[in-house]
Amino acid sequence: MLRLIVRRPLAAAAAAAGAAGVATRTVCDSAALVAKQNSSKPESVKVTPFSLGGEQHDQSTFVGRLTKIQELIDMRTIFLTDADVAAAQARLNEFKRLGRCPDGVSDQDMWEAQRTVNAVVHGPTGEKMFLPGRMSMFVPMNLPITAGMVLAASQQASMRVTLLLQWANQTYNVVNNYVCRAGPEVAYGPLAQSYGLAVTASCSIAMAAGSLLSTYPGLRVLGPLVPYLAVISAGTTNVCFTRMDEIKNGIEVSDADGNPLGRSVAAGQTAVFRTVTTRSMFLPVLSLLFPPAAMRVVYATGLVAAGTAAAIAIEVAAVGVGLAVGLPAALALQPLQMELDVGSLEPQFQGLKRADGSPCTHVYASKGM
């Protein structure tokens, strides 16, 4: 239920800066300028010199990736206006034209401009992303659905309610997967197929599990696993079919200098697989399995009785915490920017040379979210 696009250079920033053909990673690296900007700051708060399409935080570490994800899914970006985005794009264009930070603009200002564009603009197409499908809307959109599924399992709700929640979940999934795809295009036939199969899978699992629990009441202790299994099964189906173009036709890859090398099917399949194993399988653990476990602890204290308004409020809050913590943690398990050994790709990507004549041993591509 659960997935912004990062490239080397970052596609959204490159698109916003009007890059055509070869995208360069121009660095604001003037020693005098950096020294001037950082000299008055304590060592602990020095800002990384801005690099168009680069990374402010070390993406080789989990903490660096987590920080980046938290910035991308920051719900405050929901309130960015078209004027805010246009101003950020203009600032990136000016940096590209000058090859340095514009006068009066700091490295931090440039990083903020790039984050603004990345949070709103779809990198591969350069178009503004549909608001409900953005990752910054993931938690508020999922909270009522996930809370409903958890409460339905704990309160033994009717099958009709369970199926309605599974349908709502997969409906939002297909919107989110489409908006946050790694490729520029999606065929609407496979998209509709993805939606139908995901809804069928999730509802079928929920119905079968409900029937099993009715026949064998002793299995009710496994109740929380019912929505979890339904969600990860349907979520995997949803991701695969929504991103079928990436699986069949591949995604764009580039060298370390940001020069595009073409589409790789192997890279596309790797991107989808990594998305499934992180977001589709890991995120539901915290949002669906953590709340029931937390409620057992709460009930054990004897301070709150099951089924009361207080118990429901605490359980919904636990779902919110699970989503808020689980989403960035799941997305940070793998770098959004994949570094792939050319030996794992098609023959045309092997034996290539970089601009300086050195062998191209690795290529880079967006994993998508």
# chains A, B, ... in the order shown; residues from 1 in each chain; ligands from 1

$ residues_around --residues "Gly196 in chain A" --least-positions-apart "3" --cutoff "12 Å" --atoms "only C-alpha atoms" --output "PyMOL selection string"
chain A and resi 167+170-171+173-174+189-193+199-204+234-235+237-238+241-242

$ select_by_dssp --residues "range 130-317 of chain A" --states "helix (DSSP H, G or I)" --output "JSON, numbers by chain"
{"A": [131, 132, 133, 135, 136, 137, 138, 139, 140, 141, 142, 143, 144, 145, 146, 147, 148, 149, 150, 151, 152, 153, 154, 159, 160, 161, 162, 163, 164, 165, 166, 167, 168, 169, 170, 171, 172, 173, 174, 175, 176, 177, 178, 179, 188, 189, 190, 191, 192, 193, 194, 195, 196, 197, 198, 199, 200, 201, 202, 203, 204, 205, 206, 207, 208, 209, 210, 211, 212, 213, 214, 215, 217, 218, 219, 220, 221, 222, 225, 226, 227, 228, 229, 230, 231, 232, 233, 234, 235, 236, 237, 238, 239, 240, 241, 242, 244, 245, 246, 247, 248, 249, 265, 266, 267, 268, 269, 270, 271, 272, 273, 274, 275, 276, 277, 278, 279, 280, 281, 282, 283, 284, 285, 286, 287, 288, 289, 290, 291, 292, 293, 294, 295, 296, 297, 298, 299, 300, 309, 310, 311, 312, 313, 314, 315, 316, 317]}

$ select_by_dssp --residues "range 144-319 of chain A" --states "strand (DSSP E or B)" --output "list in words"
Ile251, Glu252, Val253, Ser254, Pro260, Leu261, Gly262, Arg263 and Ser264 of chain A

$ write_last_selection --atoms "N, CA and C atoms" --output "mmCIF file, in the first residue's frame"
data_model
loop_
_atom_site.group_PDB
_atom_site.id
_atom_site.type_symbol
_atom_site.label_atom_id
_atom_site.label_comp_id
_atom_site.auth_asym_id
_atom_site.auth_seq_id
_atom_site.Cartn_x
_atom_site.Cartn_y
_atom_site.Cartn_z
ATOM 1 N N ILE A 251 14.253 1.182 -17.879
ATOM 2 C CA ILE A 251 14.313 2.583 -17.447
ATOM 3 C C ILE A 251 15.630 3.183 -17.914
ATOM 4 N N GLU A 252 15.685 4.506 -17.920
ATOM 5 C CA GLU A 252 16.889 5.213 -18.354
ATOM 6 C C GLU A 252 18.010 5.043 -17.323
ATOM 7 N N VAL A 253 19.207 4.815 -17.827
ATOM 8 C CA VAL A 253 20.384 4.743 -16.967
ATOM 9 C C VAL A 253 21.395 5.780 -17.462
ATOM 10 N N SER A 254 22.277 6.215 -16.568
ATOM 11 C CA SER A 254 23.292 7.203 -16.928
ATOM 12 C C SER A 254 24.617 6.826 -16.287
ATOM 13 N N PRO A 260 23.254 10.332 -20.244
ATOM 14 C CA PRO A 260 22.309 9.239 -20.498
ATOM 15 C C PRO A 260 22.909 8.181 -21.410
ATOM 16 N N LEU A 261 22.661 6.926 -21.060
ATOM 17 C CA LEU A 261 23.214 5.799 -21.817
ATOM 18 C C LEU A 261 22.142 4.979 -22.517
ATOM 19 N N GLY A 262 20.875 5.255 -22.244
ATOM 20 C CA GLY A 262 19.801 4.485 -22.858
ATOM 21 C C GLY A 262 18.971 3.747 -21.820
ATOM 22 N N ARG A 263 18.049 2.927 -22.321
ATOM 23 C CA ARG A 263 17.141 2.180 -21.442
ATOM 24 C C ARG A 263 17.668 0.780 -21.189
ATOM 25 N N SER A 264 17.539 0.340 -19.938
ATOM 26 C CA SER A 264 17.949 -1.009 -19.553
ATOM 27 C C SER A 264 16.762 -1.744 -18.942
#

$ closest_atom_pairs --of "range 96-180 of chain A" --to "range 316-322 of chain A" --cutoff "9 Å" --atoms "only C-alpha atoms" --output "Markdown table"
| residue | atom | partner | partner_atom | distance |
| --- | --- | --- | --- | --- |
| A:Val139 | CA | A:Gly320 | CA | 7.5 |
| A:Pro140 | CA | A:Gly320 | CA | 8.6 |
| A:Asn142 | CA | A:Gly320 | CA | 8.9 |
| A:Leu143 | CA | A:Gly320 | CA | 6.1 |
| A:Pro144 | CA | A:Val316 | CA | 8.4 |
| A:Thr146 | CA | A:Val319 | CA | 7.0 |
| A:Ala147 | CA | A:Val316 | CA | 5.5 |
| A:Gly148 | CA | A:Val316 | CA | 8.5 |
| A:Val150 | CA | A:Val319 | CA | 8.0 |
| A:Leu151 | CA | A:Val316 | CA | 8.1 |

$ write_last_selection --atoms "all heavy atoms" --output "PDB file, in the first residue's frame"
ATOM      1  N   VAL A 139       0.907   9.560   4.132  1.00  0.00           N
ATOM      2  CA  VAL A 139       0.427   9.306   5.494  1.00  0.00           C
ATOM      3  C   VAL A 139      -0.999   9.804   5.697  1.00  0.00           C
ATOM      4  O   VAL A 139      -1.856   9.046   6.168  1.00  0.00           O
ATOM      5  CB  VAL A 139       1.390   9.916   6.536  1.00  0.00           C
ATOM      6  CG1 VAL A 139       0.789   9.819   7.935  1.00  0.00           C
ATOM      7  CG2 VAL A 139       2.737   9.185   6.500  1.00  0.00           C
ATOM      8  N   PRO A 140      -1.325  11.069   5.366  1.00  0.00           N
ATOM      9  CA  PRO A 140      -2.712  11.505   5.581  1.00  0.00           C
ATOM     10  C   PRO A 140      -3.733  10.733   4.750  1.00  0.00           C
ATOM     11  O   PRO A 140      -4.868  10.533   5.204  1.00  0.00           O
ATOM     12  CB  PRO A 140      -2.688  12.988   5.194  1.00  0.00           C
ATOM     13  CG  PRO A 140      -1.449  13.191   4.406  1.00  0.00           C
ATOM     14  CD  PRO A 140      -0.474  12.191   4.909  1.00  0.00           C
ATOM     15  N   ASN A 142      -3.407   7.523   3.794  1.00  0.00           N
ATOM     16  CA  ASN A 142      -3.453   6.139   4.252  1.00  0.00           C
ATOM     17  C   ASN A 142      -3.974   5.980   5.675  1.00  0.00           C
ATOM     18  O   ASN A 142      -4.435   4.889   6.034  1.00  0.00           O
ATOM     19  CB  ASN A 142      -2.060   5.497   4.164  1.00  0.00           C
ATOM     20  CG  ASN A 142      -1.857   4.766   2.860  1.00  0.00           C
ATOM     21  OD1 ASN A 142      -2.354   3.658   2.661  1.00  0.00           O
ATOM     22  ND2 ASN A 142      -1.130   5.392   1.947  1.00  0.00           N
ATOM     23  N   LEU A 143      -3.880   7.016   6.473  1.00  0.00           N
ATOM     24  CA  LEU A 143      -4.253   6.885   7.880  1.00  0.00           C
ATOM     25  C   LEU A 143      -5.693   6.386   8.066  1.00  0.00           C
ATOM     26  O   LEU A 143      -5.913   5.409   8.803  1.00  0.00           O
ATOM     27  CB  LEU A 143      -4.049   8.211   8.608  1.00  0.00           C
ATOM     28  CG  LEU A 143      -4.394   8.211  10.101  1.00  0.00           C
ATOM     29  CD1 LEU A 143      -3.590   7.143  10.839  1.00  0.00           C
ATOM     30  CD2 LEU A 143      -4.139   9.598  10.713  1.00  0.00           C
ATOM     31  N   PRO A 144      -6.698   6.998   7.442  1.00  0.00           N
ATOM     32  CA  PRO A 144      -8.064   6.491   7.667  1.00  0.00           C
ATOM     33  C   PRO A 144      -8.269   5.075   7.133  1.00  0.00           C
ATOM     34  O   PRO A 144      -9.006   4.282   7.735  1.00  0.00           O
ATOM     35  CB  PRO A 144      -8.946   7.505   6.925  1.00  0.00           C
ATOM     36  CG  PRO A 144      -8.042   8.164   5.944  1.00  0.00           C
ATOM     37  CD  PRO A 144      -6.701   8.192   6.584  1.00  0.00           C
ATOM     38  N   THR A 146      -5.871   2.607   6.716  1.00  0.00           N
ATOM     39  CA  THR A 146      -5.140   1.638   7.537  1.00  0.00           C
ATOM     40  C   THR A 146      -5.776   1.504   8.917  1.00  0.00           C
ATOM     41  O   THR A 146      -5.915   0.393   9.449  1.00  0.00           O
ATOM     42  CB  THR A 146      -3.675   2.069   7.685  1.00  0.00           C
ATOM     43  OG1 THR A 146      -3.114   2.265   6.388  1.00  0.00           O
ATOM     44  CG2 THR A 146      -2.873   1.000   8.409  1.00  0.00           C
ATOM     45  N   ALA A 147      -6.166   2.634   9.497  1.00  0.00           N
ATOM     46  CA  ALA A 147      -6.833   2.577  10.801  1.00  0.00           C
ATOM     47  C   ALA A 147      -8.110   1.757  10.697  1.00  0.00           C
ATOM     48  O   ALA A 147      -8.434   0.962  11.596  1.00  0.00           O
ATOM     49  CB  ALA A 147      -7.138   3.987  11.297  1.00  0.00           C
ATOM     50  N   GLY A 148      -8.829   1.927   9.612  1.00  0.00           N
ATOM     51  CA  GLY A 148     -10.049   1.147   9.408  1.00  0.00           C
ATOM     52  C   GLY A 148      -9.782  -0.338   9.336  1.00  0.00           C
ATOM     53  O   GLY A 148     -10.520  -1.144   9.933  1.00  0.00           O
ATOM     54  N   VAL A 150      -7.182  -1.989  10.636  1.00  0.00           N
ATOM     55  CA  VAL A 150      -6.752  -2.473  11.949  1.00  0.00           C
ATOM     56  C   VAL A 150      -7.945  -2.597  12.890  1.00  0.00           C
ATOM     57  O   VAL A 150      -8.107  -3.606  13.595  1.00  0.00           O
ATOM     58  CB  VAL A 150      -5.688  -1.523  12.539  1.00  0.00           C
ATOM     59  CG1 VAL A 150      -5.399  -1.890  13.992  1.00  0.00           C
ATOM     60  CG2 VAL A 150      -4.407  -1.582  11.720  1.00  0.00           C
ATOM     61  N   LEU A 151      -8.806  -1.594  12.893  1.00  0.00           N
ATOM     62  CA  LEU A 151      -9.982  -1.635  13.762  1.00  0.00           C
ATOM     63  C   LEU A 151     -10.958  -2.722  13.324  1.00  0.00           C
ATOM     64  O   LEU A 151     -11.591  -3.377  14.162  1.00  0.00           O
ATOM     65  CB  LEU A 151     -10.684  -0.280  13.759  1.00  0.00           C
ATOM     66  CG  LEU A 151      -9.927   0.866  14.448  1.00  0.00           C
ATOM     67  CD1 LEU A 151     -10.616   2.199  14.197  1.00  0.00           C
ATOM     68  CD2 LEU A 151      -9.811   0.592  15.945  1.00  0.00           C
TER      69      LEU A 151
END

$ closest_atom_pairs --of "range 232-346 of chain A" --to "range 176-181 of chain A" --cutoff "12 Å" --atoms "only C-alpha atoms" --output "tab-separated table"
residue	atom	partner	partner_atom	distance
A:Gly235	CA	A:Asn177	CA	9.8
A:Thr236	CA	A:Asn177	CA	10.9
A:Thr237	CA	A:Asn177	CA	11.3
A:Asn238	CA	A:Asn177	CA	7.8
A:Val239	CA	A:Asn177	CA	6.5
A:Cys240	CA	A:Asn177	CA	9.6
A:Phe241	CA	A:Asn177	CA	9.7
A:Thr242	CA	A:Tyr178	CA	6.4
A:Arg243	CA	A:Arg181	CA	6.7
A:Met244	CA	A:Arg181	CA	10.3
A:Asp245	CA	A:Arg181	CA	10.0
A:Glu246	CA	A:Arg181	CA	8.9
A:Ile247	CA	A:Arg181	CA	11.9
A:Ile251	CA	A:Arg181	CA	10.5
A:Gly268	CA	A:Arg181	CA	11.0
A:Ala271	CA	A:Arg181	CA	10.2
A:Val272	CA	A:Arg181	CA	9.6
A:Thr275	CA	A:Asn177	CA	10.5
A:Val276	CA	A:Asn177	CA	11.3
A:Arg279	CA	A:Asn177	CA	11.2
A:Ser280	CA	A:Asn177	CA	10.9
A:Leu336	CA	A:Cys180	CA	11.9

$ write_last_selection --atoms "N, CA and C atoms" --output "PDB file, in the first residue's frame"
ATOM      1  N   GLY A 235      -0.489  -5.417  -2.830  1.00  0.00           N
ATOM      2  CA  GLY A 235       0.453  -4.336  -3.082  1.00  0.00           C
ATOM      3  C   GLY A 235       1.527  -4.736  -4.072  1.00  0.00           C
ATOM      4  N   THR A 236       2.028  -5.948  -3.936  1.00  0.00           N
ATOM      5  CA  THR A 236       3.029  -6.454  -4.872  1.00  0.00           C
ATOM      6  C   THR A 236       2.457  -6.530  -6.281  1.00  0.00           C
ATOM      7  N   THR A 237       1.245  -7.054  -6.396  1.00  0.00           N
ATOM      8  CA  THR A 237       0.584  -7.126  -7.698  1.00  0.00           C
ATOM      9  C   THR A 237       0.400  -5.733  -8.283  1.00  0.00           C
ATOM     10  N   ASN A 238      -0.019  -4.807  -7.445  1.00  0.00           N
ATOM     11  CA  ASN A 238      -0.273  -3.442  -7.885  1.00  0.00           C
ATOM     12  C   ASN A 238       0.994  -2.782  -8.417  1.00  0.00           C
ATOM     13  N   VAL A 239       2.082  -2.909  -7.677  1.00  0.00           N
ATOM     14  CA  VAL A 239       3.340  -2.304  -8.100  1.00  0.00           C
ATOM     15  C   VAL A 239       3.808  -2.894  -9.424  1.00  0.00           C
ATOM     16  N   CYS A 240       3.771  -4.198  -9.533  1.00  0.00           N
ATOM     17  CA  CYS A 240       4.286  -4.872 -10.735  1.00  0.00           C
ATOM     18  C   CYS A 240       3.509  -4.480 -11.987  1.00  0.00           C
ATOM     19  N   PHE A 241       2.195  -4.441 -11.890  1.00  0.00           N
ATOM     20  CA  PHE A 241       1.409  -4.116 -13.076  1.00  0.00           C
ATOM     21  C   PHE A 241       1.409  -2.619 -13.379  1.00  0.00           C
ATOM     22  N   THR A 242       1.414  -1.792 -12.348  1.00  0.00           N
ATOM     23  CA  THR A 242       1.459  -0.352 -12.580  1.00  0.00           C
ATOM     24  C   THR A 242       2.771   0.034 -13.260  1.00  0.00           C
ATOM     25  N   ARG A 243       3.844  -0.667 -12.925  1.00  0.00           N
ATOM     26  CA  ARG A 243       5.152  -0.350 -13.492  1.00  0.00           C
ATOM     27  C   ARG A 243       5.591  -1.406 -14.517  1.00  0.00           C
ATOM     28  N   MET A 244       4.604  -1.978 -15.194  1.00  0.00           N
ATOM     29  CA  MET A 244       4.903  -3.008 -16.177  1.00  0.00           C
ATOM     30  C   MET A 244       5.774  -2.484 -17.315  1.00  0.00           C
ATOM     31  N   ASP A 245       5.624  -1.208 -17.656  1.00  0.00           N
ATOM     32  CA  ASP A 245       6.456  -0.632 -18.719  1.00  0.00           C
ATOM     33  C   ASP A 245       7.929  -0.689 -18.345  1.00  0.00           C
ATOM     34  N   GLU A 246       8.235  -0.482 -17.062  1.00  0.00           N
ATOM     35  CA  GLU A 246       9.621  -0.561 -16.606  1.00  0.00           C
ATOM     36  C   GLU A 246      10.138  -1.995 -16.672  1.00  0.00           C
ATOM     37  N   ILE A 247       9.254  -2.945 -16.369  1.00  0.00           N
ATOM     38  CA  ILE A 247       9.656  -4.353 -16.407  1.00  0.00           C
ATOM     39  C   ILE A 247       9.909  -4.814 -17.836  1.00  0.00           C
ATOM     40  N   ILE A 251      14.253   1.182 -17.879  1.00  0.00           N
ATOM     41  CA  ILE A 251      14.313   2.583 -17.447  1.00  0.00           C
ATOM     42  C   ILE A 251      15.630   3.183 -17.914  1.00  0.00           C
ATOM     43  N   GLY A 268      15.299  -1.789 -14.981  1.00  0.00           N
ATOM     44  CA  GLY A 268      13.885  -1.592 -14.677  1.00  0.00           C
ATOM     45  C   GLY A 268      13.336  -2.686 -13.788  1.00  0.00           C
ATOM     46  N   ALA A 271      14.636  -2.212 -10.280  1.00  0.00           N
ATOM     47  CA  ALA A 271      13.964  -1.107  -9.599  1.00  0.00           C
ATOM     48  C   ALA A 271      12.624  -1.562  -9.023  1.00  0.00           C
ATOM     49  N   VAL A 272      11.857  -2.311  -9.807  1.00  0.00           N
ATOM     50  CA  VAL A 272      10.555  -2.774  -9.342  1.00  0.00           C
ATOM     51  C   VAL A 272      10.723  -3.775  -8.197  1.00  0.00           C
ATOM     52  N   THR A 275      11.601  -2.033  -4.984  1.00  0.00           N
ATOM     53  CA  THR A 275      10.448  -1.304  -4.453  1.00  0.00           C
ATOM     54  C   THR A 275       9.506  -2.251  -3.718  1.00  0.00           C
ATOM     55  N   VAL A 276       9.271  -3.415  -4.314  1.00  0.00           N
ATOM     56  CA  VAL A 276       8.376  -4.402  -3.698  1.00  0.00           C
ATOM     57  C   VAL A 276       8.925  -4.886  -2.358  1.00  0.00           C
ATOM     58  N   ARG A 279       9.070  -1.226   0.221  1.00  0.00           N
ATOM     59  CA  ARG A 279       7.826  -0.544   0.558  1.00  0.00           C
ATOM     60  C   ARG A 279       6.643  -1.487   0.714  1.00  0.00           C
ATOM     61  N   SER A 280       6.443  -2.360  -0.256  1.00  0.00           N
ATOM     62  CA  SER A 280       5.234  -3.192  -0.241  1.00  0.00           C
ATOM     63  C   SER A 280       5.245  -4.218   0.887  1.00  0.00           C
ATOM     64  N   LEU A 336      17.396   5.587  -3.265  1.00  0.00           N
ATOM     65  CA  LEU A 336      16.489   5.892  -4.367  1.00  0.00           C
ATOM     66  C   LEU A 336      17.242   5.929  -5.689  1.00  0.00           C
TER      67      LEU A 336
END

$ atom_distance --atom1 "CA of Ala87 in chain A" --atom2 "CA of Ala113 in chain A"
8.0 Å

$ closest_residue --among "A:Ala198, A:Leu165, A:Met338, A:Ile314" --to "Lys367 in chain A" --atoms "only C-alpha atoms"
A:Met338

$ atom_distance --atom1 "CA of Glu71 in chain A" --atom2 "CA of Ala83 in chain A"
19.9 Å

$ closest_residue --among "A:Ala330, A:Met159, A:Ala294, A:Ala152" --to "Arg274 in chain A" --atoms "only C-alpha atoms"
A:Ala330

$ closest_residue --among "A:Ser136, A:Thr277, A:Gln56, A:Asn118" --to "Arg76 in chain A" --atoms "only C-alpha atoms"
A:Ser136

$ closest_residue --among "A:Val186, A:Gly104, A:Met281, A:Ser194" --to "Lys248 in chain A" --atoms "only C-alpha atoms"
A:Val186

$ closest_residue --among "A:Pro328, A:Gly368, A:Pro132, A:Gly357" --to "Asp74 in chain A" --atoms "only C-alpha atoms"
A:Pro328

$ residues_around --residues "Gly307 in chain A" --least-positions-apart "2" --cutoff "12 Å" --atoms "only C-alpha atoms" --output "list in words"
Leu151, Ala152, Ser154, Gln155, Gln156, Met295, Tyr299, Val304, Ala305, Ala309, Ala310, Ala311, Ile312, Ala313, Ile314 and Glu315 of chain A

$ write_last_selection --atoms "all heavy atoms" --output "compact mmCIF listing (two decimals), in the first residue's frame"
# COMPACT_ATOMS: atom_id res chain seq x y z
N LEU A 151 -8.81 -1.59 12.89
CA LEU A 151 -9.98 -1.63 13.76
C LEU A 151 -10.96 -2.72 13.32
O LEU A 151 -11.59 -3.38 14.16
CB LEU A 151 -10.68 -0.28 13.76
CG LEU A 151 -9.93 0.87 14.45
CD1 LEU A 151 -10.62 2.20 14.20
CD2 LEU A 151 -9.81 0.59 15.95
N ALA A 152 -11.07 -2.93 12.00
CA ALA A 152 -11.97 -3.98 11.51
C ALA A 152 -11.52 -5.35 11.99
O ALA A 152 -12.33 -6.21 12.34
CB ALA A 152 -12.02 -3.95 9.98
N SER A 154 -9.64 -5.91 14.75
CA SER A 154 -9.75 -6.03 16.21
C SER A 154 -11.21 -6.06 16.67
O SER A 154 -11.52 -6.68 17.69
CB SER A 154 -9.02 -4.86 16.88
OG SER A 154 -9.61 -3.62 16.54
N GLN A 155 -12.08 -5.40 15.93
CA GLN A 155 -13.49 -5.34 16.33
C GLN A 155 -14.33 -6.41 15.62
O GLN A 155 -15.55 -6.46 15.81
CB GLN A 155 -14.06 -3.96 16.01
CG GLN A 155 -13.30 -2.81 16.64
CD GLN A 155 -13.36 -2.82 18.15
OE1 GLN A 155 -14.40 -3.15 18.73
NE2 GLN A 155 -12.25 -2.48 18.80
N GLN A 156 -13.67 -7.25 14.81
CA GLN A 156 -14.35 -8.31 14.07
C GLN A 156 -15.52 -7.73 13.25
O GLN A 156 -16.67 -8.15 13.36
CB GLN A 156 -14.85 -9.40 15.02
CG GLN A 156 -13.74 -10.08 15.80
CD GLN A 156 -14.25 -11.15 16.75
OE1 GLN A 156 -15.33 -11.69 16.57
NE2 GLN A 156 -13.45 -11.46 17.76
N MET A 295 -1.63 -2.37 21.40
CA MET A 295 -2.88 -2.40 22.15
C MET A 295 -2.90 -3.52 23.19
O MET A 295 -3.51 -3.39 24.25
CB MET A 295 -4.07 -2.55 21.20
CG MET A 295 -4.29 -1.34 20.30
SD MET A 295 -4.31 0.24 21.19
CE MET A 295 -5.77 0.03 22.23
N TYR A 299 -3.92 -2.80 26.96
CA TYR A 299 -4.97 -3.53 27.68
C TYR A 299 -4.42 -4.24 28.91
O TYR A 299 -5.12 -4.39 29.92
CB TYR A 299 -5.63 -4.56 26.76
CG TYR A 299 -6.40 -3.94 25.60
CD1 TYR A 299 -6.46 -4.57 24.36
CD2 TYR A 299 -7.05 -2.72 25.75
CE1 TYR A 299 -7.15 -4.01 23.29
CE2 TYR A 299 -7.75 -2.16 24.70
CZ TYR A 299 -7.79 -2.80 23.48
OH TYR A 299 -8.49 -2.25 22.44
N VAL A 304 -7.28 0.89 30.25
CA VAL A 304 -8.18 1.13 29.13
C VAL A 304 -8.88 -0.16 28.77
O VAL A 304 -8.24 -1.22 28.67
CB VAL A 304 -7.42 1.67 27.90
CG1 VAL A 304 -8.38 1.86 26.71
CG2 VAL A 304 -6.72 2.99 28.23
N ALA A 305 -10.19 -0.11 28.57
CA ALA A 305 -10.95 -1.30 28.21
C ALA A 305 -11.13 -1.36 26.69
O ALA A 305 -11.28 -0.33 26.03
CB ALA A 305 -12.31 -1.29 28.88
N ALA A 309 -13.99 4.41 23.56
CA ALA A 309 -13.53 5.50 22.71
C ALA A 309 -12.03 5.74 22.92
O ALA A 309 -11.29 6.03 21.97
CB ALA A 309 -14.32 6.78 23.02
N ALA A 310 -11.59 5.61 24.16
CA ALA A 310 -10.17 5.82 24.45
C ALA A 310 -9.32 4.76 23.76
O ALA A 310 -8.25 5.06 23.20
CB ALA A 310 -9.93 5.77 25.96
N ALA A 311 -9.78 3.52 23.76
CA ALA A 311 -9.03 2.44 23.12
C ALA A 311 -8.94 2.66 21.62
O ALA A 311 -7.88 2.46 21.01
CB ALA A 311 -9.70 1.10 23.42
N ILE A 312 -10.03 3.08 21.01
CA ILE A 312 -10.04 3.33 19.57
C ILE A 312 -9.10 4.49 19.23
O ILE A 312 -8.34 4.43 18.25
CB ILE A 312 -11.47 3.63 19.08
CG1 ILE A 312 -12.34 2.37 19.22
CG2 ILE A 312 -11.46 4.12 17.63
CD1 ILE A 312 -13.79 2.59 18.88
N ALA A 313 -9.13 5.55 20.05
CA ALA A 313 -8.26 6.70 19.80
C ALA A 313 -6.79 6.30 19.90
O ALA A 313 -5.96 6.72 19.07
CB ALA A 313 -8.57 7.81 20.80
N ILE A 314 -6.46 5.48 20.89
CA ILE A 314 -5.07 5.04 21.06
C ILE A 314 -4.65 4.17 19.88
O ILE A 314 -3.53 4.29 19.36
CB ILE A 314 -4.90 4.27 22.38
CG1 ILE A 314 -5.12 5.22 23.58
CG2 ILE A 314 -3.52 3.63 22.46
CD1 ILE A 314 -5.13 4.51 24.91
N GLU A 315 -5.55 3.30 19.41
CA GLU A 315 -5.21 2.41 18.30
C GLU A 315 -5.01 3.20 17.00
O GLU A 315 -4.09 2.91 16.23
CB GLU A 315 -6.30 1.35 18.12
CG GLU A 315 -5.88 0.20 17.22
CD GLU A 315 -6.72 -1.04 17.43
OE1 GLU A 315 -7.74 -0.98 18.14
OE2 GLU A 315 -6.34 -2.09 16.87

$ residues_around --residues "Leu66 in chain A" --least-positions-apart "2" --cutoff "10 Å" --atoms "only C-alpha atoms" --output "MDAnalysis selection string"
chainID A and resid 57:59 61:64 68:72 327:335
